[in-house]
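Participant: Here you go, this is work_11.cif (mmCIF, C-alpha atoms).
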data_entry
#
loop_
_atom_site.label_atom_id
_atom_site.label_comp_id
_atom_site.auth_asym_id
_atom_site.auth_seq_id
_atom_site.Cartn_x
_atom_site.Cartn_y
_atom_site.Cartn_z
CA MET A 197 78.91 13.02 5.99
CA VAL A 198 78.62 10.16 8.52
CA VAL A 199 76.19 7.43 7.43
CA LEU A 200 74.54 6.12 10.61
CA GLY A 201 72.69 3.25 8.97
CA THR A 202 70.92 1.97 5.87
CA THR A 203 68.02 -0.37 5.18
CA THR A 204 65.56 -1.40 2.48
CA THR A 205 61.83 -0.68 2.54
CA ASP A 206 59.30 -3.47 2.83
CA SER A 207 56.48 -4.02 0.32
CA ASN A 208 54.44 -1.24 1.96
CA GLY A 209 57.26 1.28 1.80
CA SER A 210 57.89 1.14 5.57
CA TYR A 211 61.39 1.04 7.00
CA ALA A 212 63.32 1.58 10.22
CA VAL A 213 66.96 1.71 11.22
CA ASN A 214 67.81 0.80 14.81
CA GLY A 215 70.30 3.21 16.28
CA THR A 216 71.87 3.97 19.66
CA ALA A 217 73.28 7.40 20.43
CA THR A 218 77.06 7.63 20.21
CA PRO A 219 79.09 9.87 22.56
CA GLU A 220 79.44 12.37 19.70
CA MET A 221 75.68 12.44 19.18
CA MET A 222 75.09 12.88 22.92
CA LYS A 223 77.47 15.83 23.01
CA ALA A 224 75.84 17.44 19.96
CA ALA A 225 72.42 16.99 21.57
CA ALA A 226 73.65 18.52 24.84
CA ASP A 227 74.74 21.60 22.90
CA ASN A 228 71.26 21.92 21.34
CA GLY A 229 68.93 21.46 24.29
CA GLY A 230 68.71 17.69 23.85
CA TRP A 231 67.82 17.77 20.13
CA LEU A 232 69.60 16.30 17.11
CA ASN A 233 68.94 17.17 13.47
CA PHE A 234 69.27 14.38 10.89
CA ALA A 235 69.27 14.13 7.11
CA VAL A 236 67.02 11.21 6.12
CA SER A 237 67.83 10.15 2.56
CA SER A 238 66.02 7.70 0.34
CA SER A 239 66.89 6.47 -3.12
CA SER A 240 65.63 3.97 -5.68
CA THR A 241 67.80 2.53 -8.43
CA SER A 242 64.76 1.14 -10.24
CA LEU A 243 63.00 4.53 -10.33
CA ASP A 244 66.22 6.54 -10.75
CA MET A 245 65.23 8.99 -8.01
CA ALA A 246 66.49 10.18 -4.65
CA THR A 247 65.43 12.63 -1.98
CA THR A 248 66.72 13.95 1.34
CA MET A 249 64.69 15.50 4.17
CA MET A 250 65.78 17.11 7.45
CA VAL A 251 64.13 15.75 10.61
CA SER A 252 64.62 16.44 14.34
CA ARG A 253 64.60 14.04 17.26
CA GLN A 254 64.92 14.70 21.00
CA LEU A 255 67.51 12.56 22.77
CA VAL A 256 66.34 11.06 26.09
CA GLY A 257 69.14 8.96 27.56
CA GLN A 258 70.18 6.94 24.53
CA ARG A 259 66.73 6.86 22.96
CA PHE A 260 64.83 9.29 20.79
CA LYS A 261 61.46 11.02 21.01
CA ALA A 262 59.69 11.69 17.71
CA PRO A 263 57.27 14.66 17.54
CA THR A 264 53.66 13.85 16.62
CA PRO A 265 51.84 15.56 13.73
CA PRO A 266 49.62 18.59 14.47
CA LYS A 267 46.11 17.87 15.70
CA ARG A 268 44.30 20.29 13.39
CA ALA A 269 44.99 23.37 11.33
CA GLU A 270 43.89 26.76 12.56
CA THR A 271 41.48 28.85 10.53
CA VAL A 272 42.02 32.58 10.63
CA ASP A 273 40.27 35.68 9.43
CA ASN A 274 42.73 37.44 7.14
CA PRO A 275 41.06 40.48 5.58
CA ALA A 276 44.01 41.29 3.34
CA LEU A 277 43.99 37.82 1.81
CA GLN A 278 40.20 37.82 1.56
CA ARG A 279 40.29 41.03 -0.44
CA ALA A 280 42.97 39.57 -2.71
CA LEU A 281 41.05 36.32 -3.28
CA GLY A 282 37.59 37.86 -3.57
CA ALA A 283 34.18 36.47 -2.64
CA SER A 284 35.35 32.86 -2.63
CA ALA A 285 37.26 33.61 0.57
CA SER A 286 34.46 35.52 2.27
CA ALA A 287 33.93 32.86 4.95
CA ARG A 288 37.27 31.88 6.49
CA LEU A 289 40.64 30.90 5.16
CA ALA A 290 42.43 27.71 6.07
CA SER A 291 45.82 28.94 7.22
CA ALA A 292 49.20 27.25 7.23
CA GLU A 293 49.56 28.38 10.82
CA GLN A 294 48.54 25.84 13.45
CA ASP A 295 46.37 26.79 16.40
CA GLU A 296 47.99 24.05 18.41
CA ASN A 297 50.73 21.60 17.57
CA PRO A 298 50.69 19.03 20.36
CA THR A 299 53.90 18.57 22.33
CA VAL A 300 55.99 15.40 22.12
CA PRO A 301 54.21 12.49 23.87
CA ALA A 302 55.60 10.89 27.00
CA SER A 303 56.25 7.58 25.22
CA VAL A 304 59.74 7.15 23.82
CA ALA A 305 60.31 5.58 20.42
CA PRO A 306 63.07 2.95 20.85
CA ASP A 307 64.11 3.08 17.20
CA LEU A 308 65.44 6.01 15.23
CA THR A 309 64.58 6.13 11.55
CA LEU A 310 67.66 7.61 9.92
CA VAL A 311 68.61 6.60 6.39
CA LEU A 312 67.18 4.28 3.78
CA SER A 313 68.39 3.17 0.39
CA GLU A 314 67.53 0.43 -2.09
CA ASP A 315 70.02 -2.42 -2.23
CA ILE A 316 72.07 -2.61 -5.43
CA PRO A 317 71.89 -6.20 -6.79
CA ASP A 318 75.12 -8.19 -6.71
CA ASP A 319 75.43 -8.65 -10.46
CA SER A 320 79.07 -8.73 -11.40
CA GLU A 321 78.23 -8.99 -15.09
CA GLY A 322 75.55 -6.31 -15.25
CA ALA A 323 74.45 -2.90 -14.04
CA GLY A 324 75.47 -3.61 -10.43
CA SER A 325 79.12 -3.91 -11.43
CA ALA A 326 78.96 -0.65 -13.35
CA SER A 327 77.34 1.09 -10.39
CA ARG A 328 80.06 -0.08 -8.02
CA ALA A 329 82.76 0.99 -10.45
CA ALA A 330 81.21 4.44 -10.70
CA ALA A 331 81.00 4.67 -6.91
CA ALA A 332 84.65 3.72 -6.56
CA ALA A 333 85.59 6.58 -8.88
CA ALA A 334 83.41 9.12 -7.07
CA PRO A 335 85.25 11.81 -5.09
CA VAL A 336 85.11 12.00 -1.30
CA CYS A 337 83.02 15.09 -0.51
CA TYR A 338 82.20 17.29 2.45
CA PHE A 339 79.98 20.26 3.30
CA HIS A 340 81.99 23.45 2.99
CA TYR A 341 80.55 26.09 5.32
CA GLY A 342 80.73 29.70 4.18
CA ALA A 343 80.35 32.76 6.35
CA ASP A 344 77.34 32.78 8.67
CA THR A 345 74.75 35.51 8.20
CA GLN A 346 72.61 37.10 10.91
CA GLU A 347 68.91 37.06 10.07
CA ARG A 348 65.96 38.50 11.98
CA THR A 349 63.35 35.78 12.53
CA SER A 350 59.71 35.93 13.63
CA VAL A 351 59.33 33.94 16.87
CA VAL A 352 55.79 34.87 17.97
CA GLU A 353 52.63 36.50 16.64
CA PHE A 354 51.65 39.07 19.29
CA HIS A 355 48.46 41.06 19.87
CA ASN A 356 47.87 43.58 22.66
CA ALA A 357 44.73 45.56 23.56
CA SER A 358 44.82 49.16 24.79
CA ASN A 359 43.38 48.25 28.21
CA ALA A 360 46.39 46.05 29.03
CA ASN A 361 50.13 46.33 29.38
CA GLY A 362 51.24 43.32 27.33
CA LYS A 363 54.61 41.77 26.56
CA TRP A 364 56.22 38.78 24.91
CA THR A 365 59.47 37.16 26.05
CA TYR A 366 61.89 34.84 24.24
CA GLY A 367 65.05 33.42 25.75
CA GLU A 368 66.43 30.80 28.11
CA LYS A 369 64.86 27.36 27.53
CA ALA A 370 62.86 28.66 24.54
CA ASP A 371 63.23 26.77 21.27
CA SER A 372 62.26 27.04 17.61
CA ASP A 373 61.85 24.79 14.58
CA ILE A 374 63.10 26.74 11.56
CA ASP A 375 62.80 25.48 7.99
CA VAL A 376 65.89 24.48 6.03
CA ALA A 377 66.33 25.32 2.33
CA ILE A 378 68.18 23.18 -0.21
CA LYS A 379 69.19 23.61 -3.85
CA TYR A 380 69.96 20.43 -5.71
CA VAL A 381 72.12 20.82 -8.80
CA GLY A 382 69.94 22.01 -11.66
CA ASP A 383 66.91 22.66 -9.42
CA ALA A 384 65.43 25.72 -7.72
CA TRP A 385 65.68 26.39 -3.99
CA LYS A 386 63.01 24.66 -1.90
CA VAL A 387 62.15 23.92 1.73
CA ASN A 388 63.65 20.65 2.93
CA GLY A 389 62.38 19.92 6.43
CA SER A 390 63.39 21.90 9.51
CA ASP A 391 66.11 22.10 12.15
CA HIS A 392 65.38 22.35 15.86
CA VAL A 393 67.27 25.19 17.56
CA SER A 394 67.27 25.13 21.36
CA ASN A 395 68.47 28.03 23.48
CA GLU A 396 70.38 27.46 26.70
CA HIS A 397 71.57 31.06 27.18
CA SER A 398 71.05 32.85 30.48
CA LEU A 399 69.44 35.55 28.36
CA SER A 400 65.90 36.64 27.66
CA VAL A 401 64.64 39.31 25.26
CA GLY A 402 61.21 40.69 24.51
CA GLN A 403 59.03 43.74 23.99
CA THR A 404 56.51 45.51 26.25
CA TYR A 405 53.52 47.62 25.20
CA ASN A 406 52.40 50.06 27.94
CA GLY A 407 50.25 53.16 28.31
CA GLY A 408 47.48 52.08 25.99
CA ASP A 409 49.72 50.94 23.14
CA THR A 410 48.20 48.27 20.94
CA ALA A 411 50.12 45.64 18.98
CA ASN A 412 49.29 43.41 16.02
CA ASN A 413 52.62 42.17 14.74
CA TYR A 414 55.30 39.49 14.78
CA GLY A 415 57.86 39.65 17.57
CA ARG A 416 61.28 38.95 16.10
CA SER A 417 64.78 38.02 17.22
CA ASP A 418 68.09 37.22 15.49
CA PHE A 419 69.52 33.84 14.51
CA LEU A 420 72.77 32.95 12.80
CA VAL A 421 72.18 31.18 9.48
CA ARG A 422 74.65 28.63 8.13
CA HIS A 423 75.40 28.37 4.39
CA ALA A 424 76.93 25.13 3.05
CA THR A 425 77.98 23.77 -0.34
CA VAL A 426 78.98 20.19 -1.17
CA GLU A 427 82.55 20.15 -2.48
CA PRO A 428 85.15 17.44 -3.18
CA LEU A 429 87.64 17.00 -0.33
CA ALA A 430 90.58 17.13 -2.74
CA GLY A 431 90.92 18.59 -6.20
CA SER A 432 87.84 19.70 -8.12
CA ALA A 433 84.82 18.15 -9.80
CA PRO A 434 82.00 19.54 -11.95
CA ASP A 435 78.69 20.36 -10.28
CA GLY A 436 76.46 17.30 -10.34
CA THR A 437 79.28 14.79 -9.75
CA GLN A 438 78.17 11.93 -7.50
CA CYS A 439 80.05 11.82 -4.18
CA TYR A 440 81.41 8.72 -2.50
CA GLU A 441 78.93 7.33 0.10
CA PHE A 442 76.69 10.41 -0.17
CA PRO A 443 72.96 10.08 -0.95
CA ASP A 444 72.34 10.06 -4.70
CA ASP A 445 70.70 13.51 -4.66
CA ILE A 446 73.46 15.20 -2.61
CA ARG A 447 76.08 15.88 -5.27
CA VAL A 448 78.92 18.33 -5.84
CA GLY A 449 77.39 21.80 -5.99
CA THR A 450 74.36 21.04 -3.78
CA LYS A 451 73.70 24.00 -1.46
CA THR A 452 71.88 24.19 1.88
CA VAL A 453 70.89 27.09 4.11
CA GLY A 454 69.56 26.67 7.63
CA PRO A 455 69.58 27.97 11.21
CA LYS A 456 72.64 27.61 13.42
CA ASN A 457 71.88 29.30 16.76
CA TRP A 458 70.06 32.18 18.42
CA VAL A 459 72.04 35.34 19.25
CA GLY A 460 69.43 37.74 20.71
CA GLY A 461 68.11 41.04 19.39
CA VAL A 462 64.52 42.34 19.30
CA GLY A 463 62.31 43.62 16.51
CA ALA A 464 58.70 43.76 15.36
CA ASN A 465 57.10 43.51 11.93
CA SER A 466 53.46 44.34 11.29
CA ALA A 467 53.79 44.21 7.49
CA LEU A 468 54.02 40.42 7.17
CA PRO A 469 50.69 38.81 6.18
CA GLY A 470 48.72 37.21 8.99
CA ALA A 471 49.36 39.66 11.83
CA GLU A 472 46.27 41.78 11.17
CA TYR A 473 43.88 42.65 14.02
CA ILE A 474 41.12 40.08 14.46
CA GLY A 475 39.90 40.57 18.04
CA CYS A 476 37.47 38.38 19.94
CA SER A 477 34.00 39.74 18.99
CA TYR A 478 33.15 37.36 16.15
CA THR A 479 32.98 33.60 15.74
CA PRO A 480 34.92 31.41 16.05
CA GLN A 481 37.08 33.62 18.29
CA SER A 482 34.07 34.70 20.40
CA THR A 483 33.43 31.06 21.32
CA HIS A 484 37.04 30.61 22.50
CA ARG A 485 37.54 33.74 24.63
CA THR A 486 38.09 34.46 28.30
CA SER A 487 37.54 37.74 30.17
CA TYR A 488 39.96 39.70 32.38
CA ALA A 489 38.87 42.66 34.51
CA THR A 490 41.06 45.59 35.56
CA GLY A 491 43.55 44.47 38.21
CA THR A 492 43.93 40.93 36.84
CA PHE A 493 46.64 39.37 34.68
CA PHE A 494 47.26 36.53 32.22
CA ASN A 495 50.57 34.67 31.76
CA ARG A 496 51.18 31.92 29.20
CA GLY A 497 54.32 29.79 29.27
CA SER A 498 53.45 26.39 27.80
CA LYS A 499 52.25 24.67 24.60
CA ASP A 500 53.39 25.45 21.05
CA ALA A 501 52.94 28.70 19.19
CA ALA A 502 51.55 28.65 15.65
CA LYS A 503 53.96 28.16 12.79
CA ILE A 504 54.69 31.49 11.10
CA ALA A 505 54.92 31.39 7.32
CA GLY A 506 57.60 33.72 5.93
CA ALA A 507 59.28 33.95 9.34
CA VAL A 508 62.83 34.46 8.07
CA ASP A 509 64.54 35.36 4.80
CA LEU A 510 67.39 32.87 4.41
CA GLY A 511 68.66 34.70 1.32
CA PRO A 512 67.61 32.40 -1.52
CA LEU A 513 64.25 31.57 0.08
CA THR A 514 61.87 32.88 2.73
CA VAL A 515 60.81 30.07 5.07
CA GLY A 516 58.67 29.40 8.12
CA ALA A 517 59.38 28.90 11.84
CA LYS A 518 57.53 27.64 14.90
CA SER A 519 58.44 28.34 18.53
CA GLY A 520 57.38 26.66 21.76
CA PHE A 521 56.10 28.58 24.75
CA SER A 522 58.19 27.67 27.79
CA THR A 523 59.75 29.20 30.90
CA ASN A 524 61.10 32.08 28.85
CA MET A 525 58.99 31.98 25.72
CA SER A 526 55.90 33.59 27.15
CA LEU A 527 53.03 36.03 26.83
CA HIS A 528 52.00 38.29 29.72
CA TYR A 529 49.14 40.76 30.07
CA ASP A 530 48.50 43.11 33.05
CA VAL A 531 44.98 44.52 32.78
CA VAL A 532 45.20 48.09 34.09
CA ARG A 533 42.47 50.27 32.56
CA GLY A 534 38.93 50.53 31.23
CA ASN A 535 36.56 47.57 31.24
CA GLY A 536 39.34 45.02 30.94
CA ILE A 537 40.11 42.77 27.98
CA TRP A 538 39.17 39.60 26.17
CA LEU A 539 41.80 37.08 25.15
CA CYS A 540 40.90 34.36 22.66
CA GLY A 541 42.09 31.79 20.16
CA THR A 542 40.54 30.68 16.90
CA ASN A 543 40.03 26.95 17.47
CA TYR A 544 41.20 26.80 21.09
CA PHE A 545 41.05 28.90 24.23
CA PRO A 546 44.03 31.18 24.95
CA ASP A 547 45.64 28.70 27.34
CA THR A 548 46.56 26.44 24.38
CA ALA A 549 45.92 28.45 21.20
CA GLY A 550 48.85 28.88 18.84
CA VAL A 551 47.90 32.56 18.42
CA VAL A 552 46.39 34.59 21.27
CA HIS A 553 44.22 37.52 20.11
CA ALA A 554 43.41 40.48 22.37
CA GLN A 555 40.58 43.01 22.47
CA SER A 556 39.51 45.71 24.95
CA ARG A 557 36.05 44.91 26.31
CA PRO A 558 33.37 47.44 25.30
#
As structure tokens, what does this structure read like?

Facilitator:
Amino acid sequence: MVVLGTTTTDSNGSYAVNGTATPEMMKAAADNGGWLNFAVSSSSTSLDMATTMMVSRQLVGQRFKAPTPPKRAETVDNPALQRALGASASARLASAEQDENPTVPASVAPDLTLVLSEDIPDDSEGAGSASRAAAAAAPVCYFHYGADTQERTSVVEFHNASNANGKWTYGEKADSDIDVAIKYVGDAWKVNGSDHVSNEHSLSVGQTYNGGDTANNYGRSDFLVRHATVEPLAGSAPDGTQCYEFPDDIRVGTKTVGPKNWVGGVGANSALPGAEYIGCSYTPQSTHRTSYATGTFFNRGSKDAAKIAGAVDLGPLTVGAKSGFSTNMSLHYDVVRGNGIWLCGTNYFPDTAGVVHAQSRP
């Protein structure tokens, strides 16, 4: 593991590490559509605790763009969950999916927050000396990567009405944020941030629904998943052994699972919760709908899609993913029959909604 910088928090818990992209970082970003994935680790000797979280930053020149938090959560009608929860959920459920997650702002953050740690006091007669002695005896470690696995991942929630020929497309210039799972020694698997996977292939995939076919499902494609375990570089050491210059919580035996790259493939899954038919007849969808007559079309190729909970089974844990609509992450509807269709979102109109619902007009 390469430590890019360390610092100490101020009295408010704030911190920053100034960093400039190295040639190696620039090459890694070029291979991932301009994005780098970092492990931000924090530790406290006084509280005897440590934690590590994955974050993504977009490289622009030698500076970094930081994504902004979502503007608001989407509320969705989910009949299956309402039935399971009973009358208390009879209104509407607050969903983990986002109706819109704003794109990265034009302003560029000059500093990159990377790593923080609490300084160990220079006390040659006390605990500081013991800590340094223990660090000197710690083994040099690395992440040993096992065999990659190929996992089908939900990239878009798609709805089509019978009066339209609808399709979704995923491919060149599309990208996804897929959660990363980690298992610290002695702990259970848990989500630990996300990695940004950009696609620069001259390849697009998708699925079309023609001839009156409806759709209420998740469009899926395949990603390679990387499995890693922290091991000593030489010899052996028991699980839980502290590694030289590693964060305190990343010890021998720590395991991580996360996305590596997209490889294509197409599938659909209507069994995952959240993809049920909602339509555009009832509020709040009816207040965020637009109408399309026979002979018209709708094409969407910008803004973020909603985050999909349970998008991919990484093996030890099922995690979420969020994709961005772009040149080749798109929705398209040709309205060819009947009285046309409505398209709608829950909190936003279909031009920006994270999920676009479809219904044939009566």

Participant: Fewer than 3 positions away in the same chain doesn't count, so skip those; otherwise give me all residues within 7 Å of segment 448-455 of chain A, counting all atoms listed in the file, as a PyMOL selection string.

Facilitator: chain A and resi 374-381+391+419-428+434-439+510

Participant: Could you save the residues just selected, with C-alpha atoms, as a compact mmCIF listing (two decimals), in the frame of the given file?

Facilitator:
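Saved the output as selection_18.txt:
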# COMPACT_ATOMS: atom_id res chain seq x y z
CA ILE A 374 63.10 26.74 11.56
CA ASP A 375 62.80 25.48 7.99
CA VAL A 376 65.89 24.48 6.03
CA ALA A 377 66.33 25.32 2.33
CA ILE A 378 68.18 23.18 -0.21
CA LYS A 379 69.19 23.61 -3.85
CA TYR A 380 69.96 20.43 -5.71
CA VAL A 381 72.12 20.82 -8.80
CA ASP A 391 66.11 22.10 12.15
CA PHE A 419 69.52 33.84 14.51
CA LEU A 420 72.77 32.95 12.80
CA VAL A 421 72.18 31.18 9.48
CA ARG A 422 74.65 28.63 8.13
CA HIS A 423 75.40 28.37 4.39
CA ALA A 424 76.93 25.13 3.05
CA THR A 425 77.98 23.77 -0.34
CA VAL A 426 78.98 20.19 -1.17
CA GLU A 427 82.55 20.15 -2.48
CA PRO A 428 85.15 17.44 -3.18
CA PRO A 434 82.00 19.54 -11.95
CA ASP A 435 78.69 20.36 -10.28
CA GLY A 436 76.46 17.30 -10.34
CA THR A 437 79.28 14.79 -9.75
CA GLN A 438 78.17 11.93 -7.50
CA CYS A 439 80.05 11.82 -4.18
CA LEU A 510 67.39 32.87 4.41

Participant: Near Gly475 of chain A, within 9 Å and counting all atoms listed in the file, which residues show up once chain neighbours fewer than 5 positions away are dropped, as number ranges by chain?

Facilitator: A: 355, 357, 481-482, 538-540, 553-556

Participant: With the PyMOL selection byres ((chain A and resi 545) around 12) as the selection, what would be picked from this file? Answer as a ChimeraX atom specification, please.

Facilitator: /A:295-296,476,480-487,496,499,538-544,546-554

Participant: So how far away is atom CA of Asn413 of chain A from atom CA of Val515 of chain A, in Å?

Facilitator: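 Interatomic distance, atom CA of Val515 of chain A to atom CA of Asn413 of chain A: 17.5 Å.
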
Participant: Give me, please, the distance in Å between atom CA of Ala384 of chain A and atom CA of Asp444 of chain A, quoted to one decimal.

Facilitator: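 That distance, rounded to one decimal, is 17.4 Å.
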
Participant: Kindly give the distance, in Å, that separates atom CA of Gly382 of chain A and atom CA of Ala507 of chain A, rounded to a single decimal.

Facilitator: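 Pair atom CA of Gly382 of chain A / atom CA of Ala507 of chain A returns 26.4 Å.
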
Participant: For Gly506 of chain A, which of A:Ala226, A:Gly415, A:Gly520, A:Thr349 is the closest residue, counting only C-alpha atoms?

Facilitator: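 The answer is A:Thr349, which sits nearest to Gly506 of chain A.
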
Participant: Just checking: using only C-alpha atoms, which residue out of A:Thr479, A:Ser519, A:Asn535, A:Ser252 ends up closest to Asn395 of chain A?

Facilitator: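 Going through A:Thr479, A:Ser519, A:Asn535, A:Ser252 one by one, the smallest distance to Asn395 of chain A is for A:Ser519.
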
Participant: Which residues would end up in the selection if the PyMOL selection byres ((chain A and resi 336) around 7) were applied here, given that I need the answer as a PyMOL selection string?

Facilitator: chain A and resi 334-335+337+428-429+439-440

Participant: Using only C-alpha atoms, which residues sit within 8 Å of Trp364 of chain A once same-chain residues fewer than 4 positions away are excluded, as a PyMOL selection string?

Facilitator: chain A and resi 352+354+402-404+415+525-528

Participant: Identify the residues within 8 Å of coordinate (55.1, 26.5, 8.4) (same frame as the file), considering all atoms listed in the file, and give the answer as a VMD selection string.

Facilitator: chain A and resid 292 to 293 375 503 to 505 515 to 518

Participant: As an mmCIF file, in the coordinates of the input, could you write out segment 500-515 of chain A once it has been completed with N, CA and C atoms?

Facilitator:
data_model
loop_
_atom_site.group_PDB
_atom_site.id
_atom_site.type_symbol
_atom_site.label_atom_id
_atom_site.label_comp_id
_atom_site.auth_asym_id
_atom_site.auth_seq_id
_atom_site.Cartn_x
_atom_site.Cartn_y
_atom_site.Cartn_z
ATOM 1 N N ASP A 500 52.699 24.919 22.235
ATOM 2 C CA ASP A 500 53.390 25.450 21.050
ATOM 3 C C ASP A 500 52.688 26.670 20.493
ATOM 4 N N ALA A 501 53.487 27.587 19.963
ATOM 5 C CA ALA A 501 52.940 28.700 19.190
ATOM 6 C C ALA A 501 52.656 28.214 17.775
ATOM 7 N N ALA A 502 51.851 28.991 17.049
ATOM 8 C CA ALA A 502 51.550 28.650 15.650
ATOM 9 C C ALA A 502 52.793 28.807 14.790
ATOM 10 N N LYS A 503 52.879 27.989 13.741
ATOM 11 C CA LYS A 503 53.960 28.160 12.790
ATOM 12 C C LYS A 503 53.720 29.433 11.985
ATOM 13 N N ILE A 504 54.769 30.213 11.804
ATOM 14 C CA ILE A 504 54.690 31.490 11.100
ATOM 15 C C ILE A 504 55.268 31.309 9.703
ATOM 16 N N ALA A 505 54.430 31.457 8.696
ATOM 17 C CA ALA A 505 54.920 31.390 7.320
ATOM 18 C C ALA A 505 55.715 32.668 7.018
ATOM 19 N N GLY A 506 56.793 32.536 6.267
ATOM 20 C CA GLY A 506 57.600 33.720 5.930
ATOM 21 C C GLY A 506 58.295 34.308 7.128
ATOM 22 N N ALA A 507 58.707 33.457 8.089
ATOM 23 C CA ALA A 507 59.280 33.950 9.340
ATOM 24 C C ALA A 507 60.669 34.546 9.160
ATOM 25 N N VAL A 508 61.453 34.008 8.217
ATOM 26 C CA VAL A 508 62.830 34.460 8.070
ATOM 27 C C VAL A 508 63.247 34.364 6.599
ATOM 28 N N ASP A 509 63.980 35.358 6.158
ATOM 29 C CA ASP A 509 64.540 35.360 4.800
ATOM 30 C C ASP A 509 65.936 34.755 4.878
ATOM 31 N N LEU A 510 66.091 33.529 4.359
ATOM 32 C CA LEU A 510 67.390 32.870 4.410
ATOM 33 C C LEU A 510 68.321 33.327 3.299
ATOM 34 N N GLY A 511 67.858 34.230 2.452
ATOM 35 C CA GLY A 511 68.660 34.700 1.320
ATOM 36 C C GLY A 511 68.044 34.214 0.032
ATOM 37 N N PRO A 512 68.227 32.907 -0.290
ATOM 38 C CA PRO A 512 67.610 32.400 -1.520
ATOM 39 C C PRO A 512 66.125 32.116 -1.375
ATOM 40 N N LEU A 513 65.628 31.999 -0.125
ATOM 41 C CA LEU A 513 64.250 31.570 0.080
ATOM 42 C C LEU A 513 63.760 32.076 1.433
ATOM 43 N N THR A 514 62.494 32.510 1.473
ATOM 44 C CA THR A 514 61.870 32.880 2.730
ATOM 45 C C THR A 514 61.109 31.676 3.262
ATOM 46 N N VAL A 515 61.346 31.316 4.525
ATOM 47 C CA VAL A 515 60.810 30.070 5.070
ATOM 48 C C VAL A 515 60.077 30.335 6.381
#
